[in-house]
Amino acid sequence: MATTLKTDYCGNMIYEDGKLSKILTDEGYISFKGNAPVYHYYLRDHLGSIRVVIDDNGSVEQVNHYYPFGGLFGESTGGGTQPYKYNGKELDRMHGLDWYDYGARHSDAVLGRWMCMDPLAEKYYDVTPYGYCGNDPVNRFDPDGMDWVEDNNGNVTWRADVNTRNHGSAIKKGETYRGRYYERVKNWNNSKYQGMVLETYHTYSKMSYSPAKDVYVDVGGKMRNYKIGDVSIKLIATFKNGKTRVLGLYNAVAGGFGNGAPENGNYTISTYQDRSPKGWYNKGMNRDGVGFSYNLNPLFDTGRTDLRIHPDGNNEGTLGCIGLLGNAKKLIDFKDTLNRMLKVNKTIFTNIHIYNNPNNNGKNGTKIPNVNE
């Protein structure tokens with residue numbers, strides 16, 4: 001009696017007969033031995049074709065050699081190990097079909113042709129609508145005939161009428177072309193998840209997401225003179241899928257008055273305060289109509305108090321704080337991003353490292369007086 005295998009594709013996860021079989025990643029895939037994950041990695045050529053599959057010990061599991069249009073020959077090991085091959089596409093061998101699944105269309109490697117017309121055939125009337133890459137598959141590849149587009153409401157869709165060749169004329173006013181692969185960090189508030197996530201729009205037309213695991217801030221730069229330093233602030237998040245992303249990069253000054261720049265070392269950031277005229281107003285913490293502050297808490301002994309990060313108002317420089325530069329748009333972006341990070345961790349680990357900083361955690365032997373900054 002013949003048996004039927006049911007395969008379901010849920011984002012980057014593949015289920016066979018209702019059981020999780022594989023998880024696709026950008027570097028390969030994960031299979032399961034019992035409940036234990038087994039990692040497999042792809043070695044690709046210039047066309048994205050998978051030439052070799054190795055396990056996490058570096059042992060070869062599969063080797064693929066291709067004819068120009070993707071036909072297989074000399075598949076020396078592990079032919080059935082995994083089905084993703086030419087251009088990284090799945091080879092559907094069910095019932096002897098042997099077609100590559102490109103998402104929008106299927107390709108027959110024996111004929112070297114698509115099995116349905118190019119939906120943009122009228123724009124390329126000099127090329128057969130069934131021809132693959134203008135009959136030049138050695139130098140060119142068509143990943144799917146579809147790409148990601150973001151509309152003016154922030155919604156991202158996989159569009160059959162948009163690709164690398166025509167996106168300049170195909171997208172509408174207010175839309176943004178995002179290409180074949182796209183990532184962005186968003187805050188979700190839905191039934192799936194509430195909080196910061198990394199959205200990944202894959203080349204195989206599926207979207208996956210990974211929640212934020214941790215956040216931190218890096219403040220680095222160099223002293224302009226013994227009082228004031230020029231620094232950049234990186235807001236950084238790590239996600240449960242192991243990826244790290246810089247959420248924003250901002251220019252600032254460190255110190256300038258009083259005891260100068262804050263000492264090098266480890267801090268935490270906490271406690272947002274509205275410093276605009278509608279809140280706990282402080283003129284020196286307002287710039288271009290935007291006012292706010294965050295507490296900067298040293299994780300070491302220091303004589304300083306009331307250290308903060310805030311917009312740099314009035315004259316350039318602060319009493320030992322970090323003063324943000326930029327226009328209203330940049331300052332609001334910093335505030336919104338840091339507030340999102342504070343929803344991941346109520347206190348955010350921060351490291352300050354300013355080259356030639358004379359207040360280097362007291363290491364210069366100078367005792368910093370106890371002043372209220």
# chains A, B, ... in the order shown; residues from 1 in each chain; ligands from 1

$ residues_around --residues "region 196-203 of chain A" --least-positions-apart "5" --cutoff "8 Å" --atoms "only C-alpha atoms" --output "number ranges by chain"
A: 143, 148, 180-188, 208-212, 239, 340-341, 344

$ residues_around --residues "region 270-284 of chain A" --least-positions-apart "4" --cutoff "10 Å" --atoms "only C-alpha atoms" --output "MDAnalysis selection string"
chainID A and resid 289:297 308:318 323 335 338:339 342 345:349

$ select_by_dssp --residues "region 100-298 of chain A" --states "strand (DSSP E)" --output "PDB file with N, CA and C atoms, in the first residue's frame"
ATOM      1  N   TYR A 100      12.750  22.543 -10.069  1.00  0.00           N
ATOM      2  CA  TYR A 100      13.210  23.424  -9.000  1.00  0.00           C
ATOM      3  C   TYR A 100      12.111  24.429  -8.669  1.00  0.00           C
ATOM      4  N   ASP A 101      11.856  24.598  -7.373  1.00  0.00           N
ATOM      5  CA  ASP A 101      10.813  25.505  -6.903  1.00  0.00           C
ATOM      6  C   ASP A 101      11.433  26.868  -6.597  1.00  0.00           C
ATOM      7  N   HIS A 106       8.394  27.504 -11.411  1.00  0.00           N
ATOM      8  CA  HIS A 106       9.197  26.285 -11.341  1.00  0.00           C
ATOM      9  C   HIS A 106      10.063  26.191 -12.598  1.00  0.00           C
ATOM     10  N   SER A 107      11.252  25.629 -12.425  1.00  0.00           N
ATOM     11  CA  SER A 107      12.188  25.482 -13.534  1.00  0.00           C
ATOM     12  C   SER A 107      12.487  24.010 -13.772  1.00  0.00           C
ATOM     13  N   ASP A 108      12.538  23.630 -15.060  1.00  0.00           N
ATOM     14  CA  ASP A 108      12.915  22.276 -15.456  1.00  0.00           C
ATOM     15  C   ASP A 108      14.365  22.316 -15.926  1.00  0.00           C
ATOM     16  N   ARG A 113      14.257  25.606 -18.958  1.00  0.00           N
ATOM     17  CA  ARG A 113      13.144  26.529 -19.171  1.00  0.00           C
ATOM     18  C   ARG A 113      12.268  26.611 -17.925  1.00  0.00           C
ATOM     19  N   TRP A 114      11.611  27.790 -17.788  1.00  0.00           N
ATOM     20  CA  TRP A 114      10.554  27.926 -16.800  1.00  0.00           C
ATOM     21  C   TRP A 114       9.330  27.149 -17.275  1.00  0.00           C
ATOM     22  N   ASP A 147      10.390  39.948  -5.221  1.00  0.00           N
ATOM     23  CA  ASP A 147      11.195  40.574  -4.190  1.00  0.00           C
ATOM     24  C   ASP A 147      10.285  41.208  -3.141  1.00  0.00           C
ATOM     25  N   TRP A 148      10.922  41.666  -2.045  1.00  0.00           N
ATOM     26  CA  TRP A 148      10.181  42.274  -0.943  1.00  0.00           C
ATOM     27  C   TRP A 148       9.996  43.773  -1.176  1.00  0.00           C
ATOM     28  N   VAL A 149       8.789  44.261  -0.861  1.00  0.00           N
ATOM     29  CA  VAL A 149       8.460  45.680  -0.982  1.00  0.00           C
ATOM     30  C   VAL A 149       7.760  46.116   0.305  1.00  0.00           C
ATOM     31  N   GLU A 150       8.160  47.282   0.831  1.00  0.00           N
ATOM     32  CA  GLU A 150       7.537  47.838   2.038  1.00  0.00           C
ATOM     33  C   GLU A 150       6.662  49.020   1.648  1.00  0.00           C
ATOM     34  N   VAL A 156       5.370  44.756   4.836  1.00  0.00           N
ATOM     35  CA  VAL A 156       6.301  44.190   3.862  1.00  0.00           C
ATOM     36  C   VAL A 156       5.633  43.009   3.175  1.00  0.00           C
ATOM     37  N   THR A 157       5.630  43.024   1.841  1.00  0.00           N
ATOM     38  CA  THR A 157       4.991  41.951   1.072  1.00  0.00           C
ATOM     39  C   THR A 157       5.945  41.433   0.002  1.00  0.00           C
ATOM     40  N   TRP A 158       5.714  40.183  -0.360  1.00  0.00           N
ATOM     41  CA  TRP A 158       6.493  39.486  -1.403  1.00  0.00           C
ATOM     42  C   TRP A 158       5.759  39.700  -2.717  1.00  0.00           C
ATOM     43  N   ARG A 159       6.346  40.477  -3.645  1.00  0.00           N
ATOM     44  CA  ARG A 159       5.637  40.946  -4.830  1.00  0.00           C
ATOM     45  C   ARG A 159       6.101  40.236  -6.095  1.00  0.00           C
ATOM     46  N   THR A 176       8.804  51.221  -0.760  1.00  0.00           N
ATOM     47  CA  THR A 176      10.262  51.111  -0.712  1.00  0.00           C
ATOM     48  C   THR A 176      10.675  49.709  -1.113  1.00  0.00           C
ATOM     49  N   TYR A 177      11.575  49.619  -2.078  1.00  0.00           N
ATOM     50  CA  TYR A 177      12.085  48.316  -2.512  1.00  0.00           C
ATOM     51  C   TYR A 177      13.078  47.800  -1.482  1.00  0.00           C
ATOM     52  N   ARG A 178      12.865  46.563  -0.977  1.00  0.00           N
ATOM     53  CA  ARG A 178      13.715  45.989   0.064  1.00  0.00           C
ATOM     54  C   ARG A 178      14.577  44.831  -0.424  1.00  0.00           C
ATOM     55  N   GLY A 179      14.425  44.410  -1.671  1.00  0.00           N
ATOM     56  CA  GLY A 179      15.296  43.382  -2.220  1.00  0.00           C
ATOM     57  C   GLY A 179      14.822  41.976  -1.936  1.00  0.00           C
ATOM     58  N   TYR A 182      15.769  40.776   3.531  1.00  0.00           N
ATOM     59  CA  TYR A 182      15.615  42.027   4.269  1.00  0.00           C
ATOM     60  C   TYR A 182      15.433  41.716   5.746  1.00  0.00           C
ATOM     61  N   GLU A 183      16.060  42.522   6.586  1.00  0.00           N
ATOM     62  CA  GLU A 183      15.888  42.409   8.032  1.00  0.00           C
ATOM     63  C   GLU A 183      15.525  43.774   8.603  1.00  0.00           C
ATOM     64  N   ARG A 184      14.729  43.771   9.659  1.00  0.00           N
ATOM     65  CA  ARG A 184      14.451  44.998  10.383  1.00  0.00           C
ATOM     66  C   ARG A 184      14.058  44.650  11.814  1.00  0.00           C
ATOM     67  N   VAL A 185      14.297  45.599  12.726  1.00  0.00           N
ATOM     68  CA  VAL A 185      13.915  45.435  14.127  1.00  0.00           C
ATOM     69  C   VAL A 185      12.626  46.210  14.359  1.00  0.00           C
ATOM     70  N   LYS A 186      11.644  45.546  14.935  1.00  0.00           N
ATOM     71  CA  LYS A 186      10.344  46.165  15.182  1.00  0.00           C
ATOM     72  C   LYS A 186       9.878  45.832  16.597  1.00  0.00           C
ATOM     73  N   ASN A 187       8.944  46.625  17.090  1.00  0.00           N
ATOM     74  CA  ASN A 187       8.267  46.300  18.340  1.00  0.00           C
ATOM     75  C   ASN A 187       6.907  45.708  18.019  1.00  0.00           C
ATOM     76  N   TRP A 188       6.671  44.492  18.477  1.00  0.00           N
ATOM     77  CA  TRP A 188       5.406  43.807  18.230  1.00  0.00           C
ATOM     78  C   TRP A 188       4.498  43.934  19.446  1.00  0.00           C
ATOM     79  N   ASN A 189       3.215  43.996  19.167  1.00  0.00           N
ATOM     80  CA  ASN A 189       2.197  43.952  20.218  1.00  0.00           C
ATOM     81  C   ASN A 189       1.006  43.187  19.660  1.00  0.00           C
ATOM     82  N   GLN A 194       4.932  40.130  22.273  1.00  0.00           N
ATOM     83  CA  GLN A 194       4.894  41.527  22.678  1.00  0.00           C
ATOM     84  C   GLN A 194       6.302  41.959  23.061  1.00  0.00           C
ATOM     85  N   GLY A 195       6.865  42.877  22.291  1.00  0.00           N
ATOM     86  CA  GLY A 195       8.207  43.361  22.565  1.00  0.00           C
ATOM     87  C   GLY A 195       9.037  43.463  21.306  1.00  0.00           C
ATOM     88  N   MET A 196      10.348  43.664  21.468  1.00  0.00           N
ATOM     89  CA  MET A 196      11.271  43.863  20.354  1.00  0.00           C
ATOM     90  C   MET A 196      11.594  42.540  19.668  1.00  0.00           C
ATOM     91  N   VAL A 197      11.523  42.534  18.338  1.00  0.00           N
ATOM     92  CA  VAL A 197      11.849  41.337  17.563  1.00  0.00           C
ATOM     93  C   VAL A 197      12.700  41.732  16.356  1.00  0.00           C
ATOM     94  N   LEU A 198      13.467  40.770  15.861  1.00  0.00           N
ATOM     95  CA  LEU A 198      14.172  40.907  14.588  1.00  0.00           C
ATOM     96  C   LEU A 198      13.362  40.170  13.533  1.00  0.00           C
ATOM     97  N   GLU A 199      12.791  40.922  12.582  1.00  0.00           N
ATOM     98  CA  GLU A 199      12.053  40.315  11.479  1.00  0.00           C
ATOM     99  C   GLU A 199      13.030  39.998  10.352  1.00  0.00           C
ATOM    100  N   THR A 200      12.940  38.785   9.807  1.00  0.00           N
ATOM    101  CA  THR A 200      13.790  38.381   8.693  1.00  0.00           C
ATOM    102  C   THR A 200      12.914  37.962   7.526  1.00  0.00           C
ATOM    103  N   TYR A 201      13.071  38.642   6.392  1.00  0.00           N
ATOM    104  CA  TYR A 201      12.326  38.336   5.174  1.00  0.00           C
ATOM    105  C   TYR A 201      13.282  37.590   4.248  1.00  0.00           C
ATOM    106  N   MET A 207       8.751  34.759   6.021  1.00  0.00           N
ATOM    107  CA  MET A 207       9.215  35.663   7.062  1.00  0.00           C
ATOM    108  C   MET A 207       9.328  34.911   8.376  1.00  0.00           C
ATOM    109  N   SER A 208      10.409  35.162   9.123  1.00  0.00           N
ATOM    110  CA  SER A 208      10.557  34.604  10.461  1.00  0.00           C
ATOM    111  C   SER A 208      10.899  35.747  11.410  1.00  0.00           C
ATOM    112  N   TYR A 209      10.767  35.492  12.706  1.00  0.00           N
ATOM    113  CA  TYR A 209      11.102  36.523  13.680  1.00  0.00           C
ATOM    114  C   TYR A 209      11.814  35.898  14.868  1.00  0.00           C
ATOM    115  N   SER A 210      12.606  36.724  15.559  1.00  0.00           N
ATOM    116  CA  SER A 210      13.323  36.277  16.746  1.00  0.00           C
ATOM    117  C   SER A 210      13.242  37.366  17.810  1.00  0.00           C
ATOM    118  N   PRO A 211      12.752  37.055  19.015  1.00  0.00           N
ATOM    119  CA  PRO A 211      12.655  38.055  20.080  1.00  0.00           C
ATOM    120  C   PRO A 211      14.029  38.516  20.565  1.00  0.00           C
ATOM    121  N   ALA A 212      14.071  39.742  21.084  1.00  0.00           N
ATOM    122  CA  ALA A 212      15.308  40.269  21.654  1.00  0.00           C
ATOM    123  C   ALA A 212      15.672  39.497  22.917  1.00  0.00           C
ATOM    124  N   LYS A 213      16.951  39.220  23.071  1.00  0.00           N
ATOM    125  CA  LYS A 213      17.462  38.499  24.245  1.00  0.00           C
ATOM    126  C   LYS A 213      18.128  39.450  25.226  1.00  0.00           C
ATOM    127  N   ASP A 214      18.881  40.437  24.707  1.00  0.00           N
ATOM    128  CA  ASP A 214      19.606  41.368  25.568  1.00  0.00           C
ATOM    129  C   ASP A 214      19.868  42.648  24.795  1.00  0.00           C
ATOM    130  N   VAL A 215      20.125  43.731  25.526  1.00  0.00           N
ATOM    131  CA  VAL A 215      20.450  45.022  24.914  1.00  0.00           C
ATOM    132  C   VAL A 215      21.599  45.653  25.695  1.00  0.00           C
ATOM    133  N   TYR A 216      22.390  46.462  25.012  1.00  0.00           N
ATOM    134  CA  TYR A 216      23.458  47.175  25.697  1.00  0.00           C
ATOM    135  C   TYR A 216      23.852  48.405  24.886  1.00  0.00           C
ATOM    136  N   VAL A 217      24.633  49.288  25.524  1.00  0.00           N
ATOM    137  CA  VAL A 217      25.027  50.566  24.927  1.00  0.00           C
ATOM    138  C   VAL A 217      26.546  50.681  24.978  1.00  0.00           C
ATOM    139  N   ASP A 218      27.123  51.158  23.880  1.00  0.00           N
ATOM    140  CA  ASP A 218      28.563  51.364  23.784  1.00  0.00           C
ATOM    141  C   ASP A 218      28.825  52.839  23.494  1.00  0.00           C
ATOM    142  N   VAL A 219      29.641  53.477  24.342  1.00  0.00           N
ATOM    143  CA  VAL A 219      29.997  54.889  24.170  1.00  0.00           C
ATOM    144  C   VAL A 219      31.510  54.968  23.991  1.00  0.00           C
ATOM    145  N   GLY A 220      31.951  55.362  22.815  1.00  0.00           N
ATOM    146  CA  GLY A 220      33.380  55.418  22.535  1.00  0.00           C
ATOM    147  C   GLY A 220      33.757  56.668  21.768  1.00  0.00           C
ATOM    148  N   GLY A 221      35.017  57.077  21.889  1.00  0.00           N
ATOM    149  CA  GLY A 221      35.496  58.257  21.176  1.00  0.00           C
ATOM    150  C   GLY A 221      36.849  58.680  21.706  1.00  0.00           C
ATOM    151  N   LYS A 222      37.160  59.961  21.586  1.00  0.00           N
ATOM    152  CA  LYS A 222      38.438  60.461  22.101  1.00  0.00           C
ATOM    153  C   LYS A 222      38.260  61.881  22.623  1.00  0.00           C
ATOM    154  N   MET A 223      39.158  62.280  23.510  1.00  0.00           N
ATOM    155  CA  MET A 223      39.096  63.609  24.102  1.00  0.00           C
ATOM    156  C   MET A 223      39.538  64.661  23.085  1.00  0.00           C
ATOM    157  N   ILE A 228      36.626  68.028  27.410  1.00  0.00           N
ATOM    158  CA  ILE A 228      35.496  67.575  26.593  1.00  0.00           C
ATOM    159  C   ILE A 228      35.941  66.505  25.595  1.00  0.00           C
ATOM    160  N   GLY A 229      35.089  65.520  25.387  1.00  0.00           N
ATOM    161  CA  GLY A 229      35.367  64.458  24.433  1.00  0.00           C
ATOM    162  C   GLY A 229      34.293  64.374  23.362  1.00  0.00           C
ATOM    163  N   ASP A 230      34.678  63.940  22.180  1.00  0.00           N
ATOM    164  CA  ASP A 230      33.736  63.682  21.087  1.00  0.00           C
ATOM    165  C   ASP A 230      33.491  62.176  21.025  1.00  0.00           C
ATOM    166  N   VAL A 231      32.242  61.772  21.154  1.00  0.00           N
ATOM    167  CA  VAL A 231      31.930  60.343  21.262  1.00  0.00           C
ATOM    168  C   VAL A 231      30.789  59.973  20.324  1.00  0.00           C
ATOM    169  N   SER A 232      30.682  58.682  20.066  1.00  0.00           N
ATOM    170  CA  SER A 232      29.527  58.126  19.365  1.00  0.00           C
ATOM    171  C   SER A 232      28.879  57.099  20.280  1.00  0.00           C
ATOM    172  N   ILE A 233      27.571  57.007  20.203  1.00  0.00           N
ATOM    173  CA  ILE A 233      26.795  56.096  21.040  1.00  0.00           C
ATOM    174  C   ILE A 233      26.158  55.048  20.147  1.00  0.00           C
ATOM    175  N   LYS A 234      26.454  53.786  20.417  1.00  0.00           N
ATOM    176  CA  LYS A 234      25.828  52.675  19.703  1.00  0.00           C
ATOM    177  C   LYS A 234      24.788  52.020  20.598  1.00  0.00           C
ATOM    178  N   LEU A 235      23.569  51.888  20.077  1.00  0.00           N
ATOM    179  CA  LEU A 235      22.516  51.143  20.754  1.00  0.00           C
ATOM    180  C   LEU A 235      22.439  49.772  20.095  1.00  0.00           C
ATOM    181  N   ILE A 236      22.614  48.718  20.873  1.00  0.00           N
ATOM    182  CA  ILE A 236      22.836  47.375  20.331  1.00  0.00           C
ATOM    183  C   ILE A 236      21.870  46.387  20.965  1.00  0.00           C
ATOM    184  N   ALA A 237      21.382  45.443  20.162  1.00  0.00           N
ATOM    185  CA  ALA A 237      20.512  44.372  20.662  1.00  0.00           C
ATOM    186  C   ALA A 237      21.013  43.032  20.156  1.00  0.00           C
ATOM    187  N   THR A 238      20.904  42.015  20.997  1.00  0.00           N
ATOM    188  CA  THR A 238      21.138  40.635  20.572  1.00  0.00           C
ATOM    189  C   THR A 238      19.809  39.895  20.623  1.00  0.00           C
ATOM    190  N   PHE A 239      19.647  38.935  19.712  1.00  0.00           N
ATOM    191  CA  PHE A 239      18.374  38.233  19.578  1.00  0.00           C
ATOM    192  C   PHE A 239      18.554  36.743  19.838  1.00  0.00           C
ATOM    193  N   THR A 244      23.224  39.778  16.275  1.00  0.00           N
ATOM    194  CA  THR A 244      23.397  41.056  16.953  1.00  0.00           C
ATOM    195  C   THR A 244      23.205  42.168  15.935  1.00  0.00           C
ATOM    196  N   ARG A 245      22.451  43.188  16.313  1.00  0.00           N
ATOM    197  CA  ARG A 245      22.189  44.292  15.400  1.00  0.00           C
ATOM    198  C   ARG A 245      22.379  45.629  16.110  1.00  0.00           C
ATOM    199  N   VAL A 246      23.018  46.590  15.405  1.00  0.00           N
ATOM    200  CA  VAL A 246      23.115  47.961  15.893  1.00  0.00           C
ATOM    201  C   VAL A 246      21.808  48.663  15.553  1.00  0.00           C
ATOM    202  N   LEU A 247      21.098  49.109  16.578  1.00  0.00           N
ATOM    203  CA  LEU A 247      19.795  49.738  16.381  1.00  0.00           C
ATOM    204  C   LEU A 247      19.918  51.208  16.006  1.00  0.00           C
ATOM    205  N   GLY A 248      21.031  51.829  16.382  1.00  0.00           N
ATOM    206  CA  GLY A 248      21.215  53.234  16.063  1.00  0.00           C
ATOM    207  C   GLY A 248      22.604  53.704  16.452  1.00  0.00           C
ATOM    208  N   LEU A 249      23.093  54.723  15.748  1.00  0.00           N
ATOM    209  CA  LEU A 249      24.408  55.310  16.001  1.00  0.00           C
ATOM    210  C   LEU A 249      24.228  56.820  16.093  1.00  0.00           C
ATOM    211  N   TYR A 250      24.708  57.424  17.189  1.00  0.00           N
ATOM    212  CA  TYR A 250      24.417  58.825  17.474  1.00  0.00           C
ATOM    213  C   TYR A 250      25.686  59.539  17.943  1.00  0.00           C
ATOM    214  N   ASN A 251      25.830  60.807  17.549  1.00  0.00           N
ATOM    215  CA  ASN A 251      26.969  61.618  17.952  1.00  0.00           C
ATOM    216  C   ASN A 251      26.645  62.378  19.230  1.00  0.00           C
ATOM    217  N   ALA A 252      27.682  62.588  20.053  1.00  0.00           N
ATOM    218  CA  ALA A 252      27.476  63.267  21.330  1.00  0.00           C
ATOM    219  C   ALA A 252      28.792  63.867  21.797  1.00  0.00           C
ATOM    220  N   VAL A 253      28.701  64.681  22.847  1.00  0.00           N
ATOM    221  CA  VAL A 253      29.885  65.178  23.542  1.00  0.00           C
ATOM    222  C   VAL A 253      29.864  64.625  24.955  1.00  0.00           C
ATOM    223  N   ALA A 254      31.057  64.467  25.525  1.00  0.00           N
ATOM    224  CA  ALA A 254      31.189  63.966  26.890  1.00  0.00           C
ATOM    225  C   ALA A 254      31.869  65.036  27.728  1.00  0.00           C
ATOM    226  N   GLY A 255      31.143  65.531  28.724  1.00  0.00           N
ATOM    227  CA  GLY A 255      31.702  66.551  29.598  1.00  0.00           C
ATOM    228  C   GLY A 255      31.850  67.887  28.907  1.00  0.00           C
ATOM    229  N   GLY A 265      34.574  53.227  32.057  1.00  0.00           N
ATOM    230  CA  GLY A 265      34.159  52.102  32.889  1.00  0.00           C
ATOM    231  C   GLY A 265      32.776  51.625  32.526  1.00  0.00           C
ATOM    232  N   ASN A 266      32.229  50.771  33.373  1.00  0.00           N
ATOM    233  CA  ASN A 266      30.913  50.175  33.146  1.00  0.00           C
ATOM    234  C   ASN A 266      29.836  50.912  33.935  1.00  0.00           C
ATOM    235  N   TYR A 267      28.711  51.107  33.267  1.00  0.00           N
ATOM    236  CA  TYR A 267      27.568  51.807  33.839  1.00  0.00           C
ATOM    237  C   TYR A 267      26.297  51.020  33.510  1.00  0.00           C
ATOM    238  N   THR A 268      25.183  51.506  34.042  1.00  0.00           N
ATOM    239  CA  THR A 268      23.872  51.110  33.532  1.00  0.00           C
ATOM    240  C   THR A 268      23.094  52.374  33.200  1.00  0.00           C
ATOM    241  N   ILE A 269      22.176  52.236  32.253  1.00  0.00           N
ATOM    242  CA  ILE A 269      21.254  53.318  31.911  1.00  0.00           C
ATOM    243  C   ILE A 269      19.866  52.913  32.379  1.00  0.00           C
ATOM    244  N   SER A 270      19.157  53.862  32.988  1.00  0.00           N
ATOM    245  CA  SER A 270      17.802  53.587  33.472  1.00  0.00           C
ATOM    246  C   SER A 270      17.007  54.881  33.531  1.00  0.00           C
ATOM    247  N   THR A 271      15.718  54.771  33.761  1.00  0.00           N
ATOM    248  CA  THR A 271      14.837  55.868  34.171  1.00  0.00           C
ATOM    249  C   THR A 271      14.758  57.012  33.157  1.00  0.00           C
ATOM    250  N   TYR A 272      13.831  56.894  32.244  1.00  0.00           N
ATOM    251  CA  TYR A 272      13.535  57.988  31.310  1.00  0.00           C
ATOM    252  C   TYR A 272      12.806  59.111  32.034  1.00  0.00           C
ATOM    253  N   GLN A 273      13.195  60.354  31.748  1.00  0.00           N
ATOM    254  CA  GLN A 273      12.513  61.538  32.273  1.00  0.00           C
ATOM    255  C   GLN A 273      12.213  62.501  31.130  1.00  0.00           C
ATOM    256  N   ASP A 274      10.995  63.048  31.127  1.00  0.00           N
ATOM    257  CA  ASP A 274      10.619  64.090  30.174  1.00  0.00           C
ATOM    258  C   ASP A 274      11.173  65.417  30.680  1.00  0.00           C
ATOM    259  N   ASN A 286      17.570  70.357  26.705  1.00  0.00           N
ATOM    260  CA  ASN A 286      16.697  70.529  25.551  1.00  0.00           C
ATOM    261  C   ASN A 286      17.509  71.001  24.359  1.00  0.00           C
ATOM    262  N   ARG A 287      17.200  70.425  23.205  1.00  0.00           N
ATOM    263  CA  ARG A 287      17.887  70.793  21.970  1.00  0.00           C
ATOM    264  C   ARG A 287      16.903  70.656  20.820  1.00  0.00           C
ATOM    265  N   VAL A 290      13.488  69.351  21.695  1.00  0.00           N
ATOM    266  CA  VAL A 290      13.355  68.004  22.263  1.00  0.00           C
ATOM    267  C   VAL A 290      14.124  67.944  23.578  1.00  0.00           C
ATOM    268  N   GLY A 291      13.438  67.498  24.655  1.00  0.00           N
ATOM    269  CA  GLY A 291      14.074  67.413  25.960  1.00  0.00           C
ATOM    270  C   GLY A 291      13.766  66.115  26.678  1.00  0.00           C
ATOM    271  N   PHE A 292      14.806  65.455  27.185  1.00  0.00           N
ATOM    272  CA  PHE A 292      14.643  64.219  27.962  1.00  0.00           C
ATOM    273  C   PHE A 292      15.962  63.913  28.657  1.00  0.00           C
ATOM    274  N   SER A 293      15.940  62.954  29.549  1.00  0.00           N
ATOM    275  CA  SER A 293      17.180  62.481  30.167  1.00  0.00           C
ATOM    276  C   SER A 293      17.017  61.036  30.610  1.00  0.00           C
ATOM    277  N   TYR A 294      18.168  60.357  30.755  1.00  0.00           N
ATOM    278  CA  TYR A 294      18.245  59.005  31.320  1.00  0.00           C
ATOM    279  C   TYR A 294      19.349  59.006  32.366  1.00  0.00           C
ATOM    280  N   ASN A 295      19.134  58.283  33.446  1.00  0.00           N
ATOM    281  CA  ASN A 295      20.168  58.171  34.471  1.00  0.00           C
ATOM    282  C   ASN A 295      21.322  57.309  33.966  1.00  0.00           C
ATOM    283  N   LEU A 296      22.545  57.747  34.261  1.00  0.00           N
ATOM    284  CA  LEU A 296      23.765  57.015  33.920  1.00  0.00           C
ATOM    285  C   LEU A 296      24.416  56.600  35.238  1.00  0.00           C
ATOM    286  N   ASN A 297      24.297  55.321  35.589  1.00  0.00           N
ATOM    287  CA  ASN A 297      24.662  54.834  36.921  1.00  0.00           C
ATOM    288  C   ASN A 297      25.989  54.075  36.872  1.00  0.00           C
ATOM    289  N   PRO A 298      27.067  54.606  37.489  1.00  0.00           N
ATOM    290  CA  PRO A 298      28.360  53.908  37.454  1.00  0.00           C
ATOM    291  C   PRO A 298      28.327  52.624  38.281  1.00  0.00           C
TER     292      PRO A 298
END

$ closest_residue --among "A:Asp118, A:Asp55, A:Glu263, A:Asp92" --to "Thr302 (chain A)" --atoms "only C-alpha atoms"
A:Glu263
